[in-house]
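Structure data follow from upload30.txt (compact mmCIF, C-alpha atoms):
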# COMPACT_ATOMS: atom_id res chain seq x y z
CA MET A 27 2.95 -28.73 -44.47
CA ASN A 28 5.03 -26.04 -46.17
CA VAL A 29 4.79 -25.70 -49.95
CA TYR A 30 7.57 -24.06 -51.98
CA VAL A 31 6.93 -22.73 -55.50
CA PHE A 32 9.59 -21.50 -57.95
CA SER A 33 8.57 -19.97 -61.29
CA ASP A 34 9.70 -18.07 -64.35
CA GLU A 35 8.26 -17.16 -67.74
CA SER A 36 9.17 -17.52 -71.41
CA GLY A 37 8.08 -15.44 -74.36
CA VAL A 38 6.79 -11.87 -74.53
CA PHE A 39 3.19 -10.96 -73.76
CA ASP A 40 2.71 -9.22 -77.10
CA VAL A 41 0.16 -10.70 -79.49
CA LYS A 42 1.64 -8.93 -82.53
CA HIS A 43 5.01 -10.65 -82.30
CA ASN A 44 4.50 -13.76 -80.14
CA ARG A 45 1.97 -16.54 -80.40
CA PHE A 46 2.62 -18.08 -76.98
CA TYR A 47 3.40 -16.85 -73.50
CA VAL A 48 4.45 -19.43 -70.93
CA TYR A 49 4.94 -19.85 -67.21
CA GLY A 50 6.93 -22.76 -65.84
CA GLY A 51 8.17 -23.89 -62.50
CA LEU A 52 8.58 -26.36 -59.67
CA ILE A 53 6.60 -27.21 -56.54
CA PHE A 54 8.15 -28.81 -53.45
CA LEU A 55 6.26 -30.18 -50.47
CA ASP A 56 9.10 -30.15 -47.95
CA HIS A 57 12.47 -28.59 -47.32
CA ALA A 58 14.42 -31.82 -47.85
CA SER A 59 13.18 -32.47 -51.40
CA LYS A 60 13.84 -28.83 -52.31
CA ASP A 61 17.42 -28.99 -51.04
CA LEU A 62 18.03 -32.33 -52.78
CA CYS A 63 16.88 -30.83 -56.09
CA ILE A 64 19.17 -27.83 -55.60
CA ARG A 65 22.19 -30.09 -55.05
CA LYS A 66 21.41 -32.21 -58.12
CA TYR A 67 20.77 -29.16 -60.30
CA LEU A 68 23.98 -27.42 -59.22
CA ASN A 69 25.93 -30.59 -59.94
CA ILE A 70 24.57 -30.74 -63.52
CA GLU A 71 25.34 -27.04 -63.97
CA ARG A 72 28.95 -27.65 -62.85
CA MET A 73 29.30 -30.53 -65.32
CA ILE A 74 27.97 -28.39 -68.18
CA ARG A 75 30.30 -25.50 -67.32
CA LYS A 76 33.26 -27.85 -67.21
CA ASN A 77 32.43 -29.68 -70.46
CA ALA A 78 31.52 -26.54 -72.42
CA GLY A 79 34.18 -24.26 -70.97
CA TYR A 80 31.76 -21.71 -69.53
CA PRO A 81 33.24 -19.45 -66.82
CA HIS A 82 32.69 -20.85 -63.33
CA ASP A 83 30.45 -17.90 -62.45
CA ALA A 84 28.42 -17.97 -65.71
CA GLU A 85 24.66 -18.05 -65.15
CA LEU A 86 23.26 -20.89 -67.25
CA LYS A 87 20.04 -19.28 -68.41
CA ALA A 88 18.06 -20.89 -71.23
CA CYS A 89 18.84 -18.02 -73.60
CA LYS A 90 22.61 -18.52 -73.20
CA ILE A 91 23.12 -22.29 -73.59
CA THR A 92 22.58 -24.93 -76.26
CA ASN A 93 19.42 -27.01 -76.72
CA HIS A 94 21.34 -30.11 -75.65
CA GLU A 95 22.49 -28.42 -72.43
CA LYS A 96 18.99 -27.16 -71.72
CA TYR A 97 17.58 -30.65 -72.12
CA LYS A 98 20.22 -32.06 -69.75
CA LEU A 99 19.15 -29.58 -67.08
CA TYR A 100 15.48 -30.29 -67.76
CA LYS A 101 16.05 -34.05 -67.44
CA SER A 102 17.67 -33.53 -64.04
CA LEU A 103 14.23 -32.38 -62.80
CA LYS A 104 12.39 -35.53 -63.91
CA ASN A 105 11.46 -36.57 -60.36
CA CYS A 106 10.15 -33.14 -59.35
CA ILE A 107 6.64 -31.72 -59.43
CA ILE A 108 6.52 -29.48 -62.50
CA PHE A 109 3.78 -26.97 -63.31
CA GLY A 110 3.19 -24.51 -66.11
CA ALA A 111 0.81 -22.37 -68.11
CA VAL A 112 0.50 -21.87 -71.84
CA ILE A 113 -1.31 -18.78 -73.13
CA LEU A 114 -2.31 -18.84 -76.80
CA GLN A 115 -2.18 -15.07 -77.22
CA GLU A 116 -4.42 -14.83 -80.26
CA THR A 117 -7.35 -16.04 -78.11
CA VAL A 118 -6.86 -13.31 -75.46
CA ASN A 119 -9.30 -10.38 -75.58
CA ALA A 120 -7.60 -7.67 -77.65
CA ASN A 121 -8.48 -4.98 -75.09
CA ILE A 122 -6.15 -6.62 -72.57
CA PHE A 123 -3.12 -5.66 -74.66
CA GLU A 124 -4.06 -1.97 -74.67
CA ASP A 125 -2.24 -0.97 -71.47
CA LYS A 126 0.27 -2.31 -68.96
CA LYS A 127 -2.23 -2.50 -66.10
CA SER A 128 -4.64 -4.69 -68.06
CA LYS A 129 -1.82 -6.96 -69.18
CA GLN A 130 -0.48 -7.35 -65.65
CA ARG A 131 -3.94 -8.05 -64.21
CA TYR A 132 -4.49 -10.74 -66.82
CA LEU A 133 -1.09 -12.34 -66.19
CA ASP A 134 -1.75 -12.27 -62.44
CA TYR A 135 -5.05 -14.05 -63.12
CA VAL A 136 -3.32 -16.68 -65.26
CA TYR A 137 -0.63 -17.22 -62.64
CA LYS A 138 -3.02 -17.75 -59.74
CA ILE A 139 -5.35 -19.99 -61.75
CA THR A 140 -2.38 -22.04 -62.97
CA LEU A 141 -1.26 -22.62 -59.39
CA ARG A 142 -4.82 -23.39 -58.30
CA ARG A 143 -5.25 -25.99 -61.06
CA ALA A 144 -1.90 -27.56 -60.16
CA PHE A 145 -2.84 -27.72 -56.46
CA GLU A 146 -6.26 -29.18 -57.26
CA ARG A 147 -4.73 -31.91 -59.40
CA MET A 148 -2.11 -32.57 -56.73
CA MET A 149 -4.93 -33.06 -54.21
CA LYS A 150 -6.60 -35.47 -56.59
CA ASP A 151 -3.32 -37.37 -56.95
CA GLY A 152 -2.88 -37.52 -53.18
CA HIS A 153 0.17 -35.26 -52.88
CA ILE A 154 -1.54 -32.70 -50.64
CA THR A 155 -4.81 -32.32 -48.73
CA LYS A 156 -7.19 -29.40 -48.29
CA ASP A 157 -6.39 -29.01 -44.60
CA GLY A 158 -2.73 -30.07 -44.74
CA VAL A 159 -1.13 -26.98 -46.30
CA GLU A 160 -0.20 -24.34 -43.72
CA ASN A 161 2.29 -22.08 -45.53
CA ILE A 162 3.01 -21.35 -49.19
CA TYR A 163 6.30 -19.71 -50.16
CA ILE A 164 6.42 -18.48 -53.76
CA PHE A 165 9.66 -17.43 -55.46
CA ALA A 166 9.41 -15.76 -58.88
CA ASP A 167 12.06 -14.29 -61.14
CA GLU A 168 12.34 -10.57 -60.41
CA HIS A 169 12.20 -9.75 -64.13
CA SER A 170 8.83 -11.50 -64.54
CA THR A 171 6.92 -9.18 -62.20
CA ALA A 172 7.50 -5.46 -61.75
CA THR A 173 8.26 -4.49 -58.17
CA ASN A 174 5.18 -2.27 -57.97
CA GLY A 175 3.10 -5.19 -59.28
CA LYS A 176 4.31 -7.56 -56.59
CA TYR A 177 1.72 -6.36 -54.08
CA GLU A 178 -1.19 -6.80 -56.49
CA LEU A 179 -0.05 -10.32 -57.36
CA ARG A 180 0.40 -11.22 -53.70
CA GLU A 181 -3.07 -9.86 -52.96
CA ALA A 182 -4.56 -11.94 -55.79
CA LEU A 183 -2.80 -15.08 -54.56
CA GLU A 184 -3.81 -14.51 -50.93
CA GLN A 185 -7.41 -14.01 -51.98
CA GLU A 186 -7.38 -17.17 -54.08
CA PHE A 187 -5.72 -19.45 -51.54
CA LYS A 188 -6.23 -17.89 -48.10
CA ARG A 189 -9.34 -15.67 -47.99
CA GLY A 190 -11.51 -16.85 -50.89
CA THR A 191 -12.95 -14.93 -53.83
CA PHE A 192 -16.32 -13.29 -54.47
CA ASN A 193 -17.97 -13.16 -57.89
CA HIS A 194 -19.92 -9.89 -57.98
CA ASN A 195 -21.76 -10.79 -61.18
CA TYR A 196 -23.26 -13.94 -59.68
CA GLN A 197 -23.15 -12.91 -56.00
CA HIS A 198 -21.29 -16.11 -55.17
CA PHE A 199 -18.43 -16.68 -52.72
CA TYR A 200 -15.74 -19.22 -53.57
CA PRO A 201 -13.91 -20.39 -50.44
CA PRO A 202 -10.12 -20.84 -50.51
CA ILE A 203 -8.95 -24.32 -51.46
CA PHE A 204 -6.77 -24.62 -48.33
CA SER A 205 -8.74 -24.44 -45.10
CA ASN A 206 -5.77 -24.04 -42.72
CA LEU A 207 -3.48 -21.73 -44.69
CA ASN A 208 -1.69 -19.32 -42.35
CA LEU A 209 0.85 -17.63 -44.63
CA LEU A 210 1.33 -16.96 -48.31
CA GLU A 211 4.64 -15.27 -49.04
CA LEU A 212 5.74 -13.93 -52.44
CA ASN A 213 9.42 -13.23 -53.12
CA LEU A 214 10.93 -11.74 -56.26
CA CYS A 215 14.40 -13.22 -56.76
CA ASP A 216 17.60 -12.72 -58.73
CA SER A 217 18.07 -15.92 -60.73
CA SER A 218 21.84 -15.66 -60.44
CA THR A 219 21.56 -16.42 -56.72
CA LYS A 220 18.63 -18.90 -56.84
CA PRO A 221 19.31 -22.22 -58.65
CA LEU A 222 15.63 -23.19 -58.63
CA ILE A 223 14.67 -19.95 -60.40
CA ARG A 224 17.17 -20.96 -63.10
CA ALA A 225 15.54 -24.41 -63.12
CA ALA A 226 12.13 -22.74 -63.55
CA ASP A 227 13.60 -20.76 -66.46
CA ILE A 228 14.65 -24.03 -68.11
CA ILE A 229 11.19 -25.54 -67.58
CA ALA A 230 9.43 -22.49 -69.01
CA ASN A 231 11.78 -22.54 -71.99
CA GLN A 232 11.12 -26.23 -72.66
CA ILE A 233 7.35 -25.68 -72.53
CA TYR A 234 7.68 -22.68 -74.85
CA TYR A 235 9.93 -24.61 -77.26
CA SER A 236 7.43 -27.49 -77.42
CA CYS A 237 4.59 -25.06 -78.22
CA VAL A 238 6.44 -23.07 -80.88
CA ASN A 239 7.71 -26.20 -82.61
CA ASP A 240 4.49 -28.19 -82.08
CA ILE A 241 6.25 -31.13 -80.45
CA PRO A 242 5.27 -33.05 -77.30
CA LEU A 243 6.77 -31.90 -74.02
CA ALA A 244 8.71 -34.57 -72.13
CA GLN A 245 6.62 -35.03 -68.97
CA ASN A 246 6.56 -37.12 -65.83
CA ASP A 247 3.52 -38.26 -63.84
CA ASN A 248 3.73 -35.09 -61.77
CA THR A 249 3.62 -32.52 -64.56
CA TYR A 250 0.67 -30.11 -64.37
CA ILE A 251 0.21 -27.78 -67.33
CA THR A 252 -2.81 -25.48 -67.73
CA TYR A 253 -3.71 -24.19 -71.19
CA PHE A 254 -5.40 -20.83 -71.79
CA GLN A 255 -6.71 -20.95 -75.34
Translate the structure described by the file into structure tokens.
Amino acid sequence: MNVYVFSDESGVFDVKHNRFYVYGGLIFLDHASKDLCIRKYLNIERMIRKNAGYPHDAELKACKITNHEKYKLYKSLKNCIIFGAVILQETVNANIFEDKKSKQRYLDYVYKITLRRAFERMMKDGHITKDGVENIYIFADEHSTATNGKYELREALEQEFKRGTFNHNYQHFYPPIFSNLNLLELNLCDSSTKPLIRAADIIANQIYYSCVNDIPLAQNDNTYITYFQ
């Protein structure tokens, strides 16, 4: 089985000015469902452009469209597997905010644990099996991860899902959750050319909006959110 992950973020990782930092995205378990979602999403985008008079080449990012338009796009993803992370920044160790390296390492940790929790819950729900996943293809917005940080994030993800991790404090090895994983590929993408990165942007924005305004997030049975607080 091939697994496809698309993700983006919302908020700024800056405890002085932002209370929440959010990841959001989509997981697909085959090529057909991914392509079907792309076609549906592009169709909704075309309708919004036509009705609102946006230029035909306008990128419909969450920061540029109305709340009503964002919710329309979000609703179009109701049958997809949605995942996300919510970081309550005031609970994060203050030392982490001291330098860029510490911040990036922490965000890499959050990202990989968020995906792990989503995969574990998907196994529990019967969507995937431990030995059934052979390749994982991850697509993230290029603005979310610095190019020089891509390799560290990929290394962290490969260790978590392909090679296993070792806790030096407790001298304990944690095997990877997928026993037959051959490939984990990380791609940083331009959202203007990747509809599902734009969809991930909408999901992250909706999660962020629900946190900031303290309102429930509209969810389906396949929504997997991990909270770091």
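Nearest to Leu222 in chain A of all the residues A:Ala166, A:Arg45, A:Lys150, A:Lys101 is A:Ala166, counting all atoms listed in the file.
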note - CA of Lys176 in chain A and CA of Lys138 in chain A are separated by 12.9 Å
Within 8 Å of range 46-52 of chain A using all atoms listed in the file, minus same-chain residues under 2 positions, as a CSV table (one decimal) with C-alpha atoms, keeping the file's coordinate frame:
chain,number,residue,atom,x,y,z
A,31,VAL,CA,6.9,-22.7,-55.5
A,32,PHE,CA,9.6,-21.5,-58.0
A,33,SER,CA,8.6,-20.0,-61.3
A,34,ASP,CA,9.7,-18.1,-64.4
A,35,GLU,CA,8.3,-17.2,-67.7
A,36,SER,CA,9.2,-17.5,-71.4
A,37,GLY,CA,8.1,-15.4,-74.4
A,38,VAL,CA,6.8,-11.9,-74.5
A,39,PHE,CA,3.2,-11.0,-73.8
A,44,ASN,CA,4.5,-13.8,-80.1
A,54,PHE,CA,8.2,-28.8,-53.4
A,106,CYS,CA,10.2,-33.1,-59.4
A,107,ILE,CA,6.6,-31.7,-59.4
A,108,ILE,CA,6.5,-29.5,-62.5
A,109,PHE,CA,3.8,-27.0,-63.3
A,110,GLY,CA,3.2,-24.5,-66.1
A,111,ALA,CA,0.8,-22.4,-68.1
A,112,VAL,CA,0.5,-21.9,-71.8
A,113,ILE,CA,-1.3,-18.8,-73.1
A,114,LEU,CA,-2.3,-18.8,-76.8
A,115,GLN,CA,-2.2,-15.1,-77.2
A,137,TYR,CA,-0.6,-17.2,-62.6
A,222,LEU,CA,15.6,-23.2,-58.6
A,223,ILE,CA,14.7,-20.0,-60.4
A,225,ALA,CA,15.5,-24.4,-63.1
A,226,ALA,CA,12.1,-22.7,-63.6
A,227,ASP,CA,13.6,-20.8,-66.5
A,229,ILE,CA,11.2,-25.5,-67.6
A,230,ALA,CA,9.4,-22.5,-69.0
A,231,ASN,CA,11.8,-22.5,-72.0
A,233,ILE,CA,7.4,-25.7,-72.5
A,234,TYR,CA,7.7,-22.7,-74.8
A,237,CYS,CA,4.6,-25.1,-78.2
A,238,VAL,CA,6.4,-23.1,-80.9
Using CA of Thr155 in chain A and CA of Leu207 in chain A as the two end points, give the distance in Å to one decimal.
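Distance reported for this atom pair: 11.4 Å.
Comparing A:Leu212, A:Cys63, A:Leu103, A:Ile139 by their smallest distance to Gly175 in chain A, the closest is A:Leu212 (using only C-alpha atoms).
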When distances are computed from all atoms listed in the file, which of A:Thr219, A:Asn105, A:Asn161, A:Asn213 shows the smallest separation from Lys60 in chain A?
A:Asn105
Kindly provide, as lines of an AutoDock Vina configuration file, the centre and edge lengths (Å, one decimal) of an axis-aligned box around all atoms of range 39-53 of chain A given in the file, with 5 Å on each side.
center_x = 4.4
center_y = -18.1
center_z = -69.5
size_x = 18.4
size_y = 28.3
size_z = 36.0
Contacts of range 121-131 of chain A within 9 Å, all atoms listed in the file, excl. fewer than 5 positions in-chain, as a list in words
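Using all atoms listed in the file, the neighbours found are Phe39, Asp40, Val41, Val136, Thr171, Gly175, Glu178 and Leu179 of chain A.
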If you measure from CA of Gly158 in chain A to CA of Leu55 in chain A, what distance in Å do you get, rounded to one decimal?
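Interatomic distance here is 10.7 Å.
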Write out as a PyMOL selection string the residues lying within 10 Å of Glu95 in chain A, counting all atoms listed in the file and excluding same-chain residues fewer than 6 positions away.
chain A and resi 70-71+74-75+78+86+88+101+228
Any chance you could model all heavy atoms for range 148-159 of chain A and send them as a PDB file, in the frame of the given file?
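part11.pdb, freshly written:
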ATOM      1  N   MET A 148      -2.969 -31.928 -57.717  1.00  0.00           N
ATOM      2  CA  MET A 148      -2.110 -32.570 -56.730  1.00  0.00           C
ATOM      3  C   MET A 148      -2.933 -33.165 -55.585  1.00  0.00           C
ATOM      4  O   MET A 148      -2.596 -34.220 -55.044  1.00  0.00           O
ATOM      5  CB  MET A 148      -1.103 -31.549 -56.182  1.00  0.00           C
ATOM      6  CG  MET A 148      -0.007 -31.196 -57.193  1.00  0.00           C
ATOM      7  SD  MET A 148       0.961 -29.738 -56.694  1.00  0.00           S
ATOM      8  CE  MET A 148       1.737 -30.356 -55.209  1.00  0.00           C
ATOM      9  N   MET A 149      -4.028 -32.498 -55.214  1.00  0.00           N
ATOM     10  CA  MET A 149      -4.930 -33.060 -54.210  1.00  0.00           C
ATOM     11  C   MET A 149      -5.576 -34.344 -54.727  1.00  0.00           C
ATOM     12  O   MET A 149      -5.656 -35.341 -54.009  1.00  0.00           O
ATOM     13  CB  MET A 149      -5.999 -32.036 -53.818  1.00  0.00           C
ATOM     14  CG  MET A 149      -5.515 -30.988 -52.846  1.00  0.00           C
ATOM     15  SD  MET A 149      -6.867 -29.994 -52.141  1.00  0.00           S
ATOM     16  CE  MET A 149      -6.881 -28.627 -53.276  1.00  0.00           C
ATOM     17  N   LYS A 150      -5.993 -34.290 -55.979  1.00  0.00           N
ATOM     18  CA  LYS A 150      -6.600 -35.470 -56.590  1.00  0.00           C
ATOM     19  C   LYS A 150      -5.624 -36.632 -56.653  1.00  0.00           C
ATOM     20  O   LYS A 150      -6.006 -37.803 -56.465  1.00  0.00           O
ATOM     21  CB  LYS A 150      -7.088 -35.119 -58.005  1.00  0.00           C
ATOM     22  CG  LYS A 150      -7.856 -36.232 -58.696  1.00  0.00           C
ATOM     23  CD  LYS A 150      -8.361 -35.783 -60.065  1.00  0.00           C
ATOM     24  CE  LYS A 150      -9.109 -36.912 -60.760  1.00  0.00           C
ATOM     25  NZ  LYS A 150      -9.573 -36.496 -62.114  1.00  0.00           N
ATOM     26  N   ASP A 151      -4.353 -36.333 -56.872  1.00  0.00           N
ATOM     27  CA  ASP A 151      -3.320 -37.370 -56.950  1.00  0.00           C
ATOM     28  C   ASP A 151      -2.781 -37.782 -55.578  1.00  0.00           C
ATOM     29  O   ASP A 151      -1.908 -38.655 -55.487  1.00  0.00           O
ATOM     30  CB  ASP A 151      -2.148 -36.886 -57.822  1.00  0.00           C
ATOM     31  CG  ASP A 151      -2.524 -36.792 -59.300  1.00  0.00           C
ATOM     32  OD1 ASP A 151      -3.565 -37.364 -59.684  1.00  0.00           O
ATOM     33  OD2 ASP A 151      -1.778 -36.144 -60.056  1.00  0.00           O
ATOM     34  N   GLY A 152      -3.264 -37.136 -54.529  1.00  0.00           N
ATOM     35  CA  GLY A 152      -2.880 -37.520 -53.180  1.00  0.00           C
ATOM     36  C   GLY A 152      -1.602 -36.914 -52.654  1.00  0.00           C
ATOM     37  O   GLY A 152      -1.089 -37.332 -51.613  1.00  0.00           O
ATOM     38  N   HIS A 153      -1.070 -35.898 -53.335  1.00  0.00           N
ATOM     39  CA  HIS A 153       0.170 -35.260 -52.880  1.00  0.00           C
ATOM     40  C   HIS A 153      -0.067 -34.328 -51.688  1.00  0.00           C
ATOM     41  O   HIS A 153       0.789 -34.202 -50.816  1.00  0.00           O
ATOM     42  CB  HIS A 153       0.810 -34.463 -54.014  1.00  0.00           C
ATOM     43  CG  HIS A 153       1.286 -35.304 -55.152  1.00  0.00           C
ATOM     44  ND1 HIS A 153       2.186 -36.330 -55.008  1.00  0.00           N
ATOM     45  CD2 HIS A 153       0.976 -35.259 -56.484  1.00  0.00           C
ATOM     46  CE1 HIS A 153       2.417 -36.893 -56.182  1.00  0.00           C
ATOM     47  NE2 HIS A 153       1.693 -36.254 -57.090  1.00  0.00           N
ATOM     48  N   ILE A 154      -1.209 -33.647 -51.705  1.00  0.00           N
ATOM     49  CA  ILE A 154      -1.540 -32.700 -50.640  1.00  0.00           C
ATOM     50  C   ILE A 154      -3.017 -32.870 -50.282  1.00  0.00           C
ATOM     51  O   ILE A 154      -3.779 -33.493 -51.028  1.00  0.00           O
ATOM     52  CB  ILE A 154      -1.279 -31.234 -51.066  1.00  0.00           C
ATOM     53  CG1 ILE A 154      -2.020 -30.895 -52.366  1.00  0.00           C
ATOM     54  CG2 ILE A 154       0.209 -30.963 -51.213  1.00  0.00           C
ATOM     55  CD1 ILE A 154      -1.877 -29.447 -52.801  1.00  0.00           C
ATOM     56  N   THR A 155      -3.406 -32.295 -49.137  1.00  0.00           N
ATOM     57  CA  THR A 155      -4.810 -32.320 -48.730  1.00  0.00           C
ATOM     58  C   THR A 155      -5.285 -30.894 -48.474  1.00  0.00           C
ATOM     59  O   THR A 155      -4.485 -29.979 -48.261  1.00  0.00           O
ATOM     60  CB  THR A 155      -5.002 -33.147 -47.443  1.00  0.00           C
ATOM     61  OG1 THR A 155      -4.225 -32.555 -46.387  1.00  0.00           O
ATOM     62  CG2 THR A 155      -4.568 -34.589 -47.659  1.00  0.00           C
ATOM     63  N   LYS A 156      -6.583 -30.723 -48.465  1.00  0.00           N
ATOM     64  CA  LYS A 156      -7.190 -29.400 -48.290  1.00  0.00           C
ATOM     65  C   LYS A 156      -6.787 -28.754 -46.970  1.00  0.00           C
ATOM     66  O   LYS A 156      -6.550 -27.547 -46.899  1.00  0.00           O
ATOM     67  CB  LYS A 156      -8.716 -29.527 -48.373  1.00  0.00           C
ATOM     68  CG  LYS A 156      -9.472 -28.213 -48.292  1.00  0.00           C
ATOM     69  CD  LYS A 156     -10.954 -28.452 -48.415  1.00  0.00           C
ATOM     70  CE  LYS A 156     -11.739 -27.149 -48.306  1.00  0.00           C
ATOM     71  NZ  LYS A 156     -11.460 -26.226 -49.410  1.00  0.00           N
ATOM     72  N   ASP A 157      -6.693 -29.564 -45.918  1.00  0.00           N
ATOM     73  CA  ASP A 157      -6.390 -29.010 -44.600  1.00  0.00           C
ATOM     74  C   ASP A 157      -4.935 -29.220 -44.187  1.00  0.00           C
ATOM     75  O   ASP A 157      -4.551 -28.898 -43.064  1.00  0.00           O
ATOM     76  CB  ASP A 157      -7.322 -29.585 -43.539  1.00  0.00           C
ATOM     77  CG  ASP A 157      -7.235 -31.113 -43.457  1.00  0.00           C
ATOM     78  OD1 ASP A 157      -6.509 -31.708 -44.273  1.00  0.00           O
ATOM     79  OD2 ASP A 157      -7.901 -31.696 -42.582  1.00  0.00           O
ATOM     80  N   GLY A 158      -4.105 -29.746 -45.104  1.00  0.00           N
ATOM     81  CA  GLY A 158      -2.730 -30.070 -44.740  1.00  0.00           C
ATOM     82  C   GLY A 158      -1.703 -28.995 -45.057  1.00  0.00           C
ATOM     83  O   GLY A 158      -0.585 -29.033 -44.553  1.00  0.00           O
ATOM     84  N   VAL A 159      -2.071 -28.031 -45.892  1.00  0.00           N
ATOM     85  CA  VAL A 159      -1.130 -26.980 -46.300  1.00  0.00           C
ATOM     86  C   VAL A 159      -1.269 -25.788 -45.362  1.00  0.00           C
ATOM     87  O   VAL A 159      -2.337 -25.187 -45.250  1.00  0.00           O
ATOM     88  CB  VAL A 159      -1.366 -26.546 -47.765  1.00  0.00           C
ATOM     89  CG1 VAL A 159      -0.462 -25.383 -48.139  1.00  0.00           C
ATOM     90  CG2 VAL A 159      -1.146 -27.724 -48.707  1.00  0.00           C
TER      91      VAL A 159
END
